[in-house]
file model_19.txt (compact mmCIF, C-alpha atoms)
# COMPACT_ATOMS: atom_id res chain seq x y z
CA MET A 1 -25.59 14.91 2.99
CA ALA A 2 -25.33 14.64 -0.79
CA THR A 3 -28.46 12.60 -1.42
CA GLU A 4 -29.22 11.33 -4.90
CA HIS A 5 -32.83 11.43 -5.94
CA GLU A 6 -33.03 9.18 -8.98
CA SER A 7 -34.23 5.60 -8.58
CA VAL A 8 -31.95 3.18 -6.77
CA GLU A 9 -29.93 0.88 -9.01
CA LEU A 10 -28.72 -2.24 -7.26
CA VAL A 11 -25.24 -3.64 -7.73
CA GLY A 12 -25.28 -7.11 -9.34
CA ASP A 13 -24.91 -10.12 -7.04
CA GLU A 14 -21.70 -11.41 -8.61
CA LEU A 15 -20.06 -7.99 -8.42
CA VAL A 16 -21.02 -7.60 -4.75
CA GLY A 17 -19.26 -10.87 -3.97
CA ASN A 18 -16.17 -9.89 -5.94
CA VAL A 19 -15.93 -6.42 -4.38
CA ALA A 20 -16.33 -7.93 -0.89
CA ARG A 21 -13.57 -10.47 -1.54
CA ALA A 22 -11.23 -7.90 -3.08
CA ALA A 23 -11.76 -5.56 -0.12
CA LEU A 24 -11.20 -8.31 2.43
CA PHE A 25 -8.04 -9.43 0.61
CA ALA A 26 -6.81 -5.82 0.62
CA ALA A 27 -7.50 -5.69 4.37
CA LEU A 28 -5.64 -9.01 4.82
CA MET A 29 -2.72 -7.53 2.89
CA GLY A 30 -2.77 -4.55 5.26
CA ALA A 31 -3.02 -6.75 8.34
CA SER A 32 -0.01 -8.80 7.19
CA ALA A 33 2.15 -5.65 7.28
CA TYR A 34 2.14 -6.21 11.04
CA VAL A 35 3.25 -9.84 10.88
CA SER A 36 6.90 -10.77 10.51
CA PHE A 37 8.97 -13.85 11.28
CA PRO A 38 12.65 -14.22 12.10
CA ASN A 39 14.57 -15.24 8.99
CA PRO A 40 16.93 -18.23 9.32
CA LEU A 41 19.08 -16.94 6.44
CA SER A 42 19.54 -13.26 7.29
CA PRO A 43 18.92 -10.79 10.12
CA ILE A 44 16.11 -9.10 8.15
CA PRO A 45 12.71 -10.45 9.24
CA VAL A 46 10.37 -12.09 6.70
CA THR A 47 6.95 -10.47 6.20
CA VAL A 48 3.86 -12.19 4.88
CA GLN A 49 2.93 -9.46 2.40
CA VAL A 50 4.43 -10.91 -0.79
CA LEU A 51 2.79 -14.25 0.10
CA VAL A 52 -0.58 -12.45 0.20
CA VAL A 53 0.15 -10.95 -3.26
CA PHE A 54 0.69 -14.51 -4.60
CA LEU A 55 -2.46 -15.76 -2.87
CA ALA A 56 -4.52 -12.85 -4.29
CA GLY A 57 -3.51 -13.86 -7.81
CA ILE A 58 -4.10 -17.56 -7.13
CA PHE A 59 -7.45 -17.36 -5.31
CA LEU A 60 -9.07 -14.24 -6.80
CA GLY A 61 -7.67 -14.53 -10.33
CA PRO A 62 -5.84 -11.90 -12.38
CA ILE A 63 -8.54 -9.21 -12.48
CA TRP A 64 -9.88 -9.24 -8.93
CA GLY A 65 -6.48 -10.16 -7.46
CA GLY A 66 -4.97 -7.11 -9.13
CA ALA A 67 -7.98 -5.01 -8.11
CA SER A 68 -7.63 -6.02 -4.47
CA MET A 69 -3.98 -4.94 -4.42
CA LEU A 70 -4.96 -1.64 -6.05
CA LEU A 71 -7.55 -1.15 -3.29
CA TYR A 72 -4.81 -1.79 -0.75
CA LEU A 73 -2.67 0.97 -2.28
CA VAL A 74 -5.53 3.50 -2.46
CA ALA A 75 -6.66 2.76 1.11
CA GLY A 76 -3.09 3.20 2.34
CA ALA A 77 -2.68 6.44 0.41
CA VAL A 78 -5.75 8.00 2.05
CA GLY A 79 -4.70 7.00 5.55
CA ALA A 80 -5.31 3.31 6.35
CA PRO A 81 -2.32 2.11 8.41
CA VAL A 82 -1.43 -0.69 5.98
CA PHE A 83 2.11 -0.01 4.79
CA ALA A 84 5.34 -1.30 6.41
CA GLY A 85 5.04 -1.27 10.19
CA GLY A 86 1.57 0.29 10.15
CA SER A 87 2.49 3.52 8.38
CA ALA A 88 0.03 5.30 6.10
CA GLY A 89 -0.22 8.08 3.57
CA PHE A 90 0.54 9.06 0.01
CA GLY A 91 4.25 9.41 0.88
CA ALA A 92 4.82 5.65 0.73
CA LEU A 93 3.62 5.56 -2.89
CA VAL A 94 6.45 7.87 -3.92
CA GLY A 95 8.96 6.77 -1.24
CA PRO A 96 11.89 4.33 -1.39
CA THR A 97 9.61 1.26 -1.51
CA ALA A 98 7.26 2.81 -4.10
CA GLY A 99 8.41 0.40 -6.82
CA TYR A 100 7.52 -2.59 -4.63
CA LEU A 101 4.10 -1.20 -3.71
CA TRP A 102 3.19 -0.39 -7.34
CA SER A 103 4.39 -3.82 -8.44
CA TYR A 104 1.88 -5.68 -6.19
CA PRO A 105 -1.23 -5.22 -8.41
CA ILE A 106 0.82 -6.14 -11.49
CA ALA A 107 2.40 -9.17 -9.80
CA ALA A 108 -0.98 -10.42 -8.52
CA ALA A 109 -2.41 -10.07 -12.04
CA VAL A 110 0.61 -11.89 -13.55
CA VAL A 111 0.44 -14.76 -11.03
CA GLY A 112 -3.31 -15.02 -11.61
CA THR A 113 -2.94 -15.02 -15.39
CA VAL A 114 -0.37 -17.82 -15.37
CA VAL A 115 -2.22 -19.97 -12.81
CA HIS A 116 -5.68 -19.54 -14.38
CA GLY A 117 -4.32 -19.62 -17.96
CA GLY A 118 -5.95 -16.33 -18.98
CA LEU A 119 -8.10 -13.57 -17.54
CA GLU A 120 -11.04 -15.85 -16.74
CA LEU A 121 -11.21 -17.43 -13.30
CA GLY A 122 -10.53 -21.15 -13.64
CA ASP A 123 -9.42 -23.86 -11.22
CA TYR A 124 -6.43 -22.79 -9.14
CA ARG A 125 -5.41 -26.39 -8.37
CA VAL A 126 -2.87 -26.62 -11.20
CA GLY A 127 0.40 -28.56 -11.42
CA THR A 128 3.18 -27.65 -8.99
CA VAL A 129 5.52 -26.59 -11.81
CA ARG A 130 2.99 -24.10 -13.16
CA LEU A 131 2.17 -22.82 -9.67
CA VAL A 132 5.83 -22.30 -8.76
CA GLY A 133 6.58 -20.86 -12.21
CA ALA A 134 3.77 -18.31 -11.79
CA MET A 135 5.16 -17.19 -8.45
CA VAL A 136 8.74 -17.04 -9.72
CA VAL A 137 7.56 -14.73 -12.51
CA GLY A 138 5.58 -12.73 -9.93
CA THR A 139 8.67 -12.43 -7.73
CA ALA A 140 10.71 -11.26 -10.73
CA VAL A 141 8.11 -8.57 -11.48
CA ILE A 142 8.09 -7.40 -7.84
CA TYR A 143 11.88 -7.16 -7.57
CA ALA A 144 12.41 -5.66 -11.02
CA LEU A 145 9.95 -2.85 -10.34
CA GLY A 146 11.16 -2.55 -6.74
CA VAL A 147 14.78 -2.06 -7.79
CA VAL A 148 13.94 0.32 -10.66
CA GLY A 149 11.61 2.28 -8.36
CA PHE A 150 14.26 2.55 -5.66
CA ALA A 151 16.91 3.65 -8.15
CA TYR A 152 14.60 6.31 -9.60
CA VAL A 153 13.25 7.66 -6.32
CA GLN A 154 16.59 7.62 -4.48
CA ASN A 155 18.63 8.83 -7.43
CA VAL A 156 21.11 5.93 -7.29
CA GLY A 157 22.39 3.44 -9.88
CA LEU A 158 20.62 0.12 -10.48
CA VAL A 159 23.46 -1.90 -8.94
CA ALA A 160 23.46 0.15 -5.74
CA ALA A 161 19.65 -0.10 -5.67
CA PHE A 162 19.85 -3.89 -6.01
CA TRP A 163 22.31 -4.28 -3.14
CA THR A 164 20.47 -1.84 -0.87
CA ALA A 165 16.84 -2.71 -1.47
CA ALA A 166 16.61 -6.20 -2.93
CA ALA A 167 19.56 -8.57 -2.34
CA ALA A 168 18.87 -9.24 1.33
CA PHE A 169 15.17 -9.98 0.77
CA ILE A 170 15.28 -12.34 -2.22
CA PRO A 171 16.30 -15.64 -0.47
CA ALA A 172 13.24 -15.48 1.80
CA GLU A 173 10.94 -15.53 -1.24
CA ALA A 174 11.60 -19.27 -1.60
CA PHE A 175 9.89 -19.84 1.76
CA LYS A 176 6.87 -17.81 0.64
CA ILE A 177 6.55 -19.77 -2.61
CA ALA A 178 6.78 -23.02 -0.64
CA ALA A 179 4.15 -21.74 1.79
CA ALA A 180 1.78 -20.78 -1.04
CA VAL A 181 2.17 -24.22 -2.64
CA GLY A 182 1.48 -25.76 0.77
CA ILE A 183 -1.73 -23.74 1.16
CA VAL A 184 -3.04 -24.62 -2.30
CA ARG A 185 -2.18 -28.32 -1.91
CA SER A 186 -3.55 -28.68 1.63
CA ASP A 187 -7.12 -27.87 0.59
CA ALA A 188 -7.31 -25.77 3.74
CA ILE A 189 -9.19 -23.20 1.72
CA ALA A 190 -12.30 -24.15 -0.19
CA ALA A 191 -12.96 -20.96 -2.12
CA GLU A 192 -15.47 -21.51 -4.84
CA MET B 1 0.97 5.57 15.10
CA LEU B 2 -0.08 8.46 12.88
CA THR B 3 -3.79 8.35 12.14
CA TYR B 4 -6.82 10.64 11.80
CA GLU B 5 -7.60 12.70 14.89
CA PRO B 6 -10.65 14.94 15.09
CA GLY B 7 -9.76 18.60 15.45
CA ASP B 8 -10.52 22.14 14.44
CA SER B 9 -7.34 23.14 12.65
CA PHE B 10 -7.30 24.98 9.31
CA ALA B 11 -6.40 21.72 7.51
CA HIS B 12 -9.30 19.85 9.16
CA ARG B 13 -11.75 22.28 7.55
CA LEU B 14 -10.29 22.01 4.03
CA ASP B 15 -11.86 20.00 1.24
CA PRO B 16 -10.05 16.61 0.97
CA ARG B 17 -9.67 17.11 -2.81
CA ALA B 18 -7.66 20.29 -2.21
CA LYS B 19 -5.41 18.40 0.21
CA LEU B 20 -4.91 15.56 -2.29
CA ALA B 21 -4.02 18.12 -4.97
CA VAL B 22 -1.33 19.65 -2.75
CA GLN B 23 0.24 16.26 -2.08
CA ILE B 24 0.40 15.37 -5.76
CA GLY B 25 1.72 18.83 -6.66
CA PHE B 26 4.30 18.61 -3.88
CA ALA B 27 5.58 15.19 -4.97
CA THR B 28 5.80 16.27 -8.63
CA ALA B 29 7.59 19.52 -7.78
CA GLY B 30 9.98 17.59 -5.53
CA LEU B 31 10.96 15.23 -8.35
CA ALA B 32 11.60 18.15 -10.70
CA HIS B 33 13.56 20.26 -8.21
CA THR B 34 15.71 17.92 -6.13
CA THR B 35 18.23 20.73 -5.58
CA PRO B 36 19.25 22.56 -2.37
CA LEU B 37 17.19 25.63 -3.34
CA GLY B 38 14.14 23.61 -4.46
CA LEU B 39 14.18 21.49 -1.31
CA THR B 40 14.51 24.58 0.92
CA LEU B 41 11.38 26.08 -0.65
CA LEU B 42 9.54 22.75 -0.42
CA GLY B 43 10.72 22.47 3.20
CA VAL B 44 8.88 25.73 3.92
CA VAL B 45 5.70 24.33 2.32
CA ALA B 46 6.06 21.12 4.38
CA ALA B 47 6.59 23.11 7.61
CA VAL B 48 3.51 25.23 6.88
CA SER B 49 1.38 22.16 6.16
CA LEU B 50 2.42 20.58 9.48
CA ARG B 51 1.68 23.87 11.26
CA VAL B 52 -1.81 24.40 9.77
CA SER B 53 -2.75 20.78 10.45
CA GLU B 54 -1.38 20.91 14.03
CA THR B 55 0.56 17.73 13.28
CA SER B 56 3.57 17.00 15.47
CA LEU B 57 6.86 16.70 13.61
CA LEU B 58 8.07 13.99 15.98
CA SER B 59 5.05 11.70 15.53
CA SER B 60 5.27 12.15 11.74
CA LEU B 61 8.96 11.24 11.77
CA TYR B 62 8.28 8.25 14.04
CA SER B 63 5.68 6.93 11.60
CA LEU B 64 8.23 6.75 8.80
CA ARG B 65 10.91 4.95 10.82
CA PHE B 66 10.71 1.92 8.50
CA ALA B 67 11.83 4.02 5.54
CA VAL B 68 14.80 5.50 7.42
CA PRO B 69 17.30 2.64 6.79
CA PHE B 70 16.76 3.05 3.01
CA LEU B 71 17.04 6.85 3.18
CA VAL B 72 20.37 6.55 5.03
CA LEU B 73 21.77 3.55 3.14
CA ALA B 74 21.15 4.86 -0.39
CA PRO B 75 23.69 7.73 -0.22
CA VAL B 76 26.21 5.53 1.66
CA VAL B 77 26.08 2.66 -0.86
CA GLU B 78 26.32 5.08 -3.77
CA ALA B 79 29.41 6.79 -2.26
CA VAL B 80 31.31 3.59 -1.44
CA SER B 81 33.00 1.61 -4.23
CA LEU B 82 34.99 -1.63 -4.25
CA GLY B 83 38.25 -0.10 -5.41
CA ALA B 84 40.13 3.19 -5.46
CA PRO B 85 39.09 5.78 -4.44
CA TRP B 86 36.86 3.61 -2.14
CA VAL B 87 34.81 6.54 -0.90
CA ASP B 88 33.56 9.30 -3.18
CA PRO B 89 31.50 11.78 -1.12
CA THR B 90 30.36 13.75 -4.18
CA ALA B 91 28.48 10.69 -5.47
CA ALA B 92 26.40 10.72 -2.26
CA VAL B 93 25.05 14.24 -2.83
CA ASP B 94 22.24 13.40 -5.27
CA PRO B 95 20.93 10.38 -3.30
CA ALA B 96 21.11 12.43 -0.07
CA LEU B 97 19.04 15.22 -1.67
CA ALA B 98 16.57 12.56 -2.85
CA SER B 99 16.32 11.24 0.72
CA ILE B 100 15.50 14.74 2.00
CA ARG B 101 12.87 15.11 -0.72
CA ILE B 102 11.22 11.82 0.29
CA LEU B 103 11.24 12.91 3.93
CA LEU B 104 9.43 16.15 3.01
CA VAL B 105 6.81 14.30 0.92
CA PHE B 106 6.18 11.99 3.90
CA LEU B 107 5.62 15.00 6.18
CA VAL B 108 3.05 16.59 3.83
CA ALA B 109 1.28 13.22 3.49
CA ALA B 110 1.26 12.89 7.30
CA ALA B 111 -0.66 16.18 7.51
CA TYR B 112 -3.36 14.71 5.23
CA VAL B 113 -3.60 11.45 7.21
CA ARG B 114 -3.85 13.35 10.51
CA THR B 115 -6.66 15.68 9.35
CA THR B 116 -8.88 13.69 6.96
CA PRO B 117 -11.56 11.23 8.15
CA VAL B 118 -12.26 8.08 6.11
CA ARG B 119 -15.73 9.21 4.98
CA ASP B 120 -14.25 12.39 3.48
CA SER B 121 -11.53 10.44 1.66
CA ARG B 122 -14.14 8.05 0.33
CA ALA B 123 -16.35 10.92 -0.85
CA ALA B 124 -13.34 12.55 -2.53
CA ILE B 125 -12.44 9.31 -4.33
CA GLN B 126 -16.01 8.85 -5.57
CA ARG B 127 -16.11 12.39 -6.91
CA LEU B 128 -12.65 12.29 -8.48
CA VAL B 129 -12.87 8.86 -10.14
CA PRO B 130 -15.79 8.98 -12.55
CA GLY B 131 -18.68 6.54 -12.85
CA ARG B 132 -19.11 3.13 -11.30
CA LEU B 133 -15.38 2.57 -10.99
CA GLY B 134 -15.25 5.45 -8.51
CA VAL B 135 -18.21 4.06 -6.54
CA ALA B 136 -16.62 0.60 -6.32
CA LEU B 137 -13.24 2.09 -5.36
CA GLY B 138 -14.74 4.33 -2.67
CA MET B 139 -16.77 1.45 -1.27
CA GLY B 140 -13.75 -0.87 -1.31
CA VAL B 141 -11.56 1.67 0.49
CA ALA B 142 -14.22 2.16 3.19
CA LEU B 143 -14.40 -1.64 3.64
CA VAL B 144 -10.61 -1.92 3.96
CA PHE B 145 -10.67 0.61 6.81
CA ARG B 146 -13.55 -1.29 8.44
CA PHE B 147 -12.05 -4.77 8.23
CA LEU B 148 -8.36 -4.04 8.80
CA PRO B 149 -8.59 -4.16 12.64
CA LEU B 150 -10.62 -7.39 12.51
CA LEU B 151 -8.16 -9.18 10.24
CA ARG B 152 -5.23 -7.89 12.29
CA ARG B 153 -6.83 -9.51 15.32
CA ASP B 154 -7.48 -12.72 13.36
CA LEU B 155 -3.82 -12.97 12.35
CA LEU B 156 -2.70 -12.18 15.90
CA ARG B 157 -4.92 -14.95 17.23
CA VAL B 158 -3.42 -17.47 14.78
CA ARG B 159 0.08 -16.45 15.83
CA GLU B 160 -0.72 -16.70 19.52
CA ALA B 161 -2.25 -20.13 19.01
CA GLN B 162 0.86 -21.15 17.09
CA ALA B 163 3.19 -19.90 19.83
CA ALA B 164 1.15 -21.61 22.56
CA ARG B 165 1.53 -24.96 20.78
CA LEU B 166 5.28 -24.68 20.17
CA GLY B 167 4.53 -23.88 16.52
CA THR B 168 7.45 -21.47 16.65
CA GLU B 169 9.74 -24.52 16.40
CA ARG B 170 8.39 -25.39 12.95
CA ARG B 171 10.14 -24.59 9.68
CA LEU B 172 9.63 -21.04 8.36
CA ASP B 173 7.54 -21.99 5.31
CA GLU B 174 5.20 -24.09 7.47
CA ARG B 175 4.74 -21.21 9.90
CA LEU B 176 4.07 -18.79 7.02
CA ALA B 177 1.56 -21.21 5.48
CA LEU B 178 -0.29 -21.75 8.79
CA VAL B 179 -0.65 -18.04 9.50
CA ALA B 180 -1.55 -17.13 5.91
CA ALA B 181 -4.06 -20.00 5.58
CA GLY B 182 -5.69 -18.98 8.88
CA GLY B 183 -5.93 -15.37 7.72
CA LEU B 184 -7.25 -16.45 4.33
CA ARG B 185 -9.99 -18.61 5.83
CA ARG B 186 -11.11 -15.77 8.08
CA ALA B 187 -10.98 -13.28 5.18
CA PHE B 188 -13.12 -15.50 2.92
CA ALA B 189 -15.63 -16.21 5.71
CA ARG B 190 -15.93 -12.49 6.45
CA ALA B 191 -16.23 -11.68 2.72
CA ASP B 192 -19.10 -14.17 2.34
CA SER B 193 -21.09 -12.77 5.25
CA LEU B 194 -20.31 -9.22 4.11
CA ALA B 195 -21.57 -9.95 0.58
CA LEU B 196 -24.73 -11.52 2.00
CA ALA B 197 -25.32 -8.50 4.24
CA LEU B 198 -24.73 -6.07 1.35
CA ARG B 199 -27.24 -7.92 -0.83
CA ALA B 200 -29.77 -8.08 2.00
CA ARG B 201 -29.48 -4.31 2.42
CA CYS B 202 -29.86 -3.53 -1.31
CA PHE B 203 -26.28 -2.38 -1.96
CA ALA B 204 -26.78 0.25 -4.67
CA TRP B 205 -24.71 2.27 -7.14
CA ASN B 206 -25.93 5.56 -5.68
CA PRO B 207 -25.14 5.65 -1.98
CA THR B 208 -25.48 8.75 0.20
CA LEU B 209 -22.15 10.49 0.71
CA PRO B 210 -21.12 13.38 2.93
CA ASP B 211 -21.41 16.70 1.13
CA LEU B 212 -18.12 18.05 -0.19
CA GLN B 213 -17.91 21.65 -1.25
CA PHE B 214 -14.97 23.86 -2.07
CA SER B 215 -15.07 27.00 0.08
CA ARG B 216 -13.07 30.22 0.13
CA ARG B 217 -10.45 28.74 2.44
CA ASP B 218 -9.64 26.09 -0.18
CA VAL B 219 -8.62 28.74 -2.71
CA PRO B 220 -5.09 29.44 -1.36
CA VAL B 221 -4.48 25.69 -1.01
CA LEU B 222 -5.53 25.03 -4.61
CA VAL B 223 -3.33 27.94 -5.74
CA VAL B 224 -0.35 26.36 -3.91
CA ALA B 225 -1.12 23.02 -5.59
CA CYS B 226 -1.23 24.69 -9.04
CA VAL B 227 1.98 26.62 -8.41
CA LEU B 228 3.74 23.39 -7.37
CA VAL B 229 2.61 21.59 -10.53
CA VAL B 230 3.46 24.54 -12.81
CA SER B 231 6.90 24.87 -11.15
CA VAL B 232 7.86 21.59 -12.84
CA ALA B 233 8.01 23.44 -16.18
CA VAL B 234 10.24 26.23 -14.79
call {"tool": "encode", "arguments": {"input": "model_19.txt", "output": "structure tokens"}}
result
Amino acid sequence: MATEHESVELVGDELVGNVARAALFAALMGASAYVSFPNPLSPIPVTVQVLVVFLAGIFLGPIWGGASMLLYLVAGAVGAPVFAGGSAGFGALVGPTAGYLWSYPIAAAVVGTVVHGGLELGDYRVGTVRLVGAMVVGTAVIYALGVVGFAYVQNVGLVAAFWTAAAAFIPAEAFKIAAAVGIVRSDAIAAE
Amino acid sequence: MLTYEPGDSFAHRLDPRAKLAVQIGFATAGLAHTTPLGLTLLGVVAAVSLRVSETSLLSSLYSLRFAVPFLVLAPVVEAVSLGAPWVDPTAAVDPALASIRILLVFLVAAAYVRTTPVRDSRAAIQRLVPGRLGVALGMGVALVFRFLPLLRRDLLRVREAQAARLGTERRLDERLALVAAGGLRRAFARADSLALALRARCFAWNPTLPDLQFSRRDVPVLVVACVLVVSVAV
């Protein structure tokens, strides 16, 4: 064992709480890779993952929401079965969906910044227009990076990348935005 | 599902940092040399890494089945156009080579996943990422591994409860919201008790980690990693 001998320095109380929440959110993100619903609009099933990205930004704020998604990526890279269908490993971070995966921390931070009006954690119960706007911007970030990532990794043009890796998934995002608004409005979560 | 399995293979006894270096070198070299010759040489490296880690090719391939539609579709979509000449097979060559490259990177990554326990990965992260950021990252990764099965079960329970009460007849956004809100409540409750337990046990910046030491058997692996990175410049 690599024991350290200097005096023990405790982690601050606030930081402990934030690290615990970020880790649990990352685990929730991983667990949602196993959950999918039939899509009424297309044969491709809807997964909950992008919804969890939105919720990370909304409930944890831009900094810790982004951090939790980063934790999710690192845990997956070193072997936690958290990527699509329970796969794991560094390969996914440079694979066809790499752009999507890398966009999650950025999208969570963007959604958090718009909802909380800055980097500080404020009240997430904001107007519906602002909430939806934040998630629309988040969705745009996810798909822009997803398409560019796919085009780069697969060596195809942007148009082909859009039709292969994005077009079929975009309509379902409306359901996820509606679901996130529903969760925030229902007061089902009292996270203070 | 591909996951860590205890064993006594050559790769099991390597330092996790050496294995991480090979993966990064392999992915970088693959991007620089997506050519038939480059991919043949990288294919040899991938085959050797599967061999020394005693990882089955079939289970590795099975674990990446979700990426397969993209790997197949990309060359097809690039080759087909909405007008004469309709199909241009030469346009599919580059995307097809890229698909092979991705497949090889997945195989090398599978060898790491199969042979590296969580505590070693965590120790590697804390040594590679300097300072408190590394400690927090290592700790967070260990917690994700610990809580993933619990939250999976939580989400499954919400879904089963939903199905038992004809919740499957609801509109999609309502179903999504119910499952996500259930998962969120469980995650927050678990985070609160975890934070309390960490405080009660004096969660510190200097935890005890397993000892990691480069040994002689890591030397060839590190050399391979360096060669792969340097090959980018060739």
call {"tool": "closest_residue", "arguments": {"input": "model_19.txt", "among": "A:Ala134, A:Ala92, A:Val78, A:Ile63", "to": "A:Ala109", "atoms": "all atoms listed in the file"}}
result
A:Ile63
call {"tool": "residues_around", "arguments": {"input": "model_19.txt", "residues": "stretch 53-56 of chain A", "least_positions_apart": "6", "cutoff": "10 Å", "atoms": "all atoms listed in the file", "output": "count of residues only"}}
result
40
call {"tool": "residues_around", "arguments": {"input": "model_19.txt", "residues": "A:Trp163", "least_positions_apart": "4", "cutoff": "12 Å", "atoms": "only C-alpha atoms", "output": "list in words"}}
result
Tyr143, Gly146, Val147, Phe150, Ala151, Val156, Gly157, Leu158, Val159, Ala167, Ala168, Phe169 and Ile170 of chain A; Phe70, Leu73, Ala74, Val76, Val77 and Glu78 of chain B
call {"tool": "write_last_selection", "arguments": {"input": "model_19.txt", "atoms": "C-alpha atoms", "output": "mmCIF file, keeping the file's coordinate frame"}}
result
data_model
loop_
_atom_site.group_PDB
_atom_site.id
_atom_site.type_symbol
_atom_site.label_atom_id
_atom_site.label_comp_id
_atom_site.auth_asym_id
_atom_site.auth_seq_id
_atom_site.Cartn_x
_atom_site.Cartn_y
_atom_site.Cartn_z
ATOM 1 C CA TYR A 143 11.880 -7.160 -7.570
ATOM 2 C CA GLY A 146 11.160 -2.550 -6.740
ATOM 3 C CA VAL A 147 14.780 -2.060 -7.790
ATOM 4 C CA PHE A 150 14.260 2.550 -5.660
ATOM 5 C CA ALA A 151 16.910 3.650 -8.150
ATOM 6 C CA VAL A 156 21.110 5.930 -7.290
ATOM 7 C CA GLY A 157 22.390 3.440 -9.880
ATOM 8 C CA LEU A 158 20.620 0.120 -10.480
ATOM 9 C CA VAL A 159 23.460 -1.900 -8.940
ATOM 10 C CA ALA A 167 19.560 -8.570 -2.340
ATOM 11 C CA ALA A 168 18.870 -9.240 1.330
ATOM 12 C CA PHE A 169 15.170 -9.980 0.770
ATOM 13 C CA ILE A 170 15.280 -12.340 -2.220
ATOM 14 C CA PHE B 70 16.760 3.050 3.010
ATOM 15 C CA LEU B 73 21.770 3.550 3.140
ATOM 16 C CA ALA B 74 21.150 4.860 -0.390
ATOM 17 C CA VAL B 76 26.210 5.530 1.660
ATOM 18 C CA VAL B 77 26.080 2.660 -0.860
ATOM 19 C CA GLU B 78 26.320 5.080 -3.770
#
call {"tool": "residues_around", "arguments": {"input": "model_19.txt", "residues": "stretch 136-138 of chain B", "least_positions_apart": "2", "cutoff": "8 Å", "atoms": "all atoms listed in the file", "output": "list in words"}}
result
Val19 and Leu71 of chain A; Arg122, Ala123, Ile125, Gln126, Arg132, Leu133, Gly134, Gly140, Val141 and Ala142 of chain B
call {"tool": "residues_around", "arguments": {"input": "model_19.txt", "residues": "stretch 50-56 of chain B", "least_positions_apart": "4", "cutoff": "12 Å", "atoms": "all atoms listed in the file", "output": "PyMOL selection string"}}
result
chain B and resi 1-14+19+43-46+60-63+104-116+221
call {"tool": "residues_near_point", "arguments": {"input": "model_19.txt", "point": "(-21.4, -15.4, -6.8)", "cutoff": "12 Å", "atoms": "all atoms listed in the file", "output": "ChimeraX atom specification"}}
result
/A:12-21,191-192 /B:191-192,195-196,199
call {"tool": "closest_residue", "arguments": {"input": "model_19.txt", "among": "A:Gly122, A:Ser32, A:Leu24, A:Val153", "to": "B:Ile102", "atoms": "only C-alpha atoms"}}
result
A:Val153
call {"tool": "residues_around", "arguments": {"input": "model_19.txt", "residues": "B:Ala204", "least_positions_apart": "6", "cutoff": "6 Å", "atoms": "all atoms listed in the file", "output": "PyMOL selection string"}}
result
chain A and resi 9-11
call {"tool": "closest_residue", "arguments": {"input": "model_19.txt", "among": "B:Pro149, B:Pro69, B:Gly25, B:Gly30", "to": "A:Pro96", "atoms": "all atoms listed in the file"}}
result
B:Pro69
call {"tool": "residues_near_point", "arguments": {"input": "model_19.txt", "point": "(1.0, 18.1, -7.1)", "cutoff": "9 Å", "atoms": "only C-alpha atoms", "output": "list in words"}}
result
Leu20, Ala21, Val22, Gln23, Ile24, Gly25, Phe26, Ala27, Thr28, Ala29, Val224, Ala225, Cys226, Val227, Leu228, Val229 and Val230 of chain B
call {"tool": "closest_residue", "arguments": {"input": "model_19.txt", "among": "B:Asp120, B:Asp211, B:Asp218, B:Asp15", "to": "chain A", "atoms": "only C-alpha atoms"}}
result
B:Asp211
call {"tool": "closest_residue", "arguments": {"input": "model_19.txt", "among": "B:Leu57, B:Leu150, B:Leu155, B:Ala124", "to": "B:Pro210", "atoms": "all atoms listed in the file"}}
result
B:Ala124
call {"tool": "closest_residue", "arguments": {"input": "model_19.txt", "among": "A:Ala144, A:Ala166, A:Ala161, A:Ala172", "to": "A:Ser36", "atoms": "all atoms listed in the file"}}
result
A:Ala172
call {"tool": "atom_distance", "arguments": {"input": "model_19.txt", "atom1": "atom CA of A:Gly61", "atom2": "atom CA of B:Glu174"}}
result
24.0 Å
call {"tool": "atom_distance", "arguments": {"input": "model_19.txt", "atom1": "atom CA of A:Ala179", "atom2": "atom CA of A:Val50"}}
result
11.1 Å
call {"tool": "atom_distance", "arguments": {"input": "model_19.txt", "atom1": "atom CA of A:Phe37", "atom2": "atom CA of A:Gly86"}}
result
16.0 Å
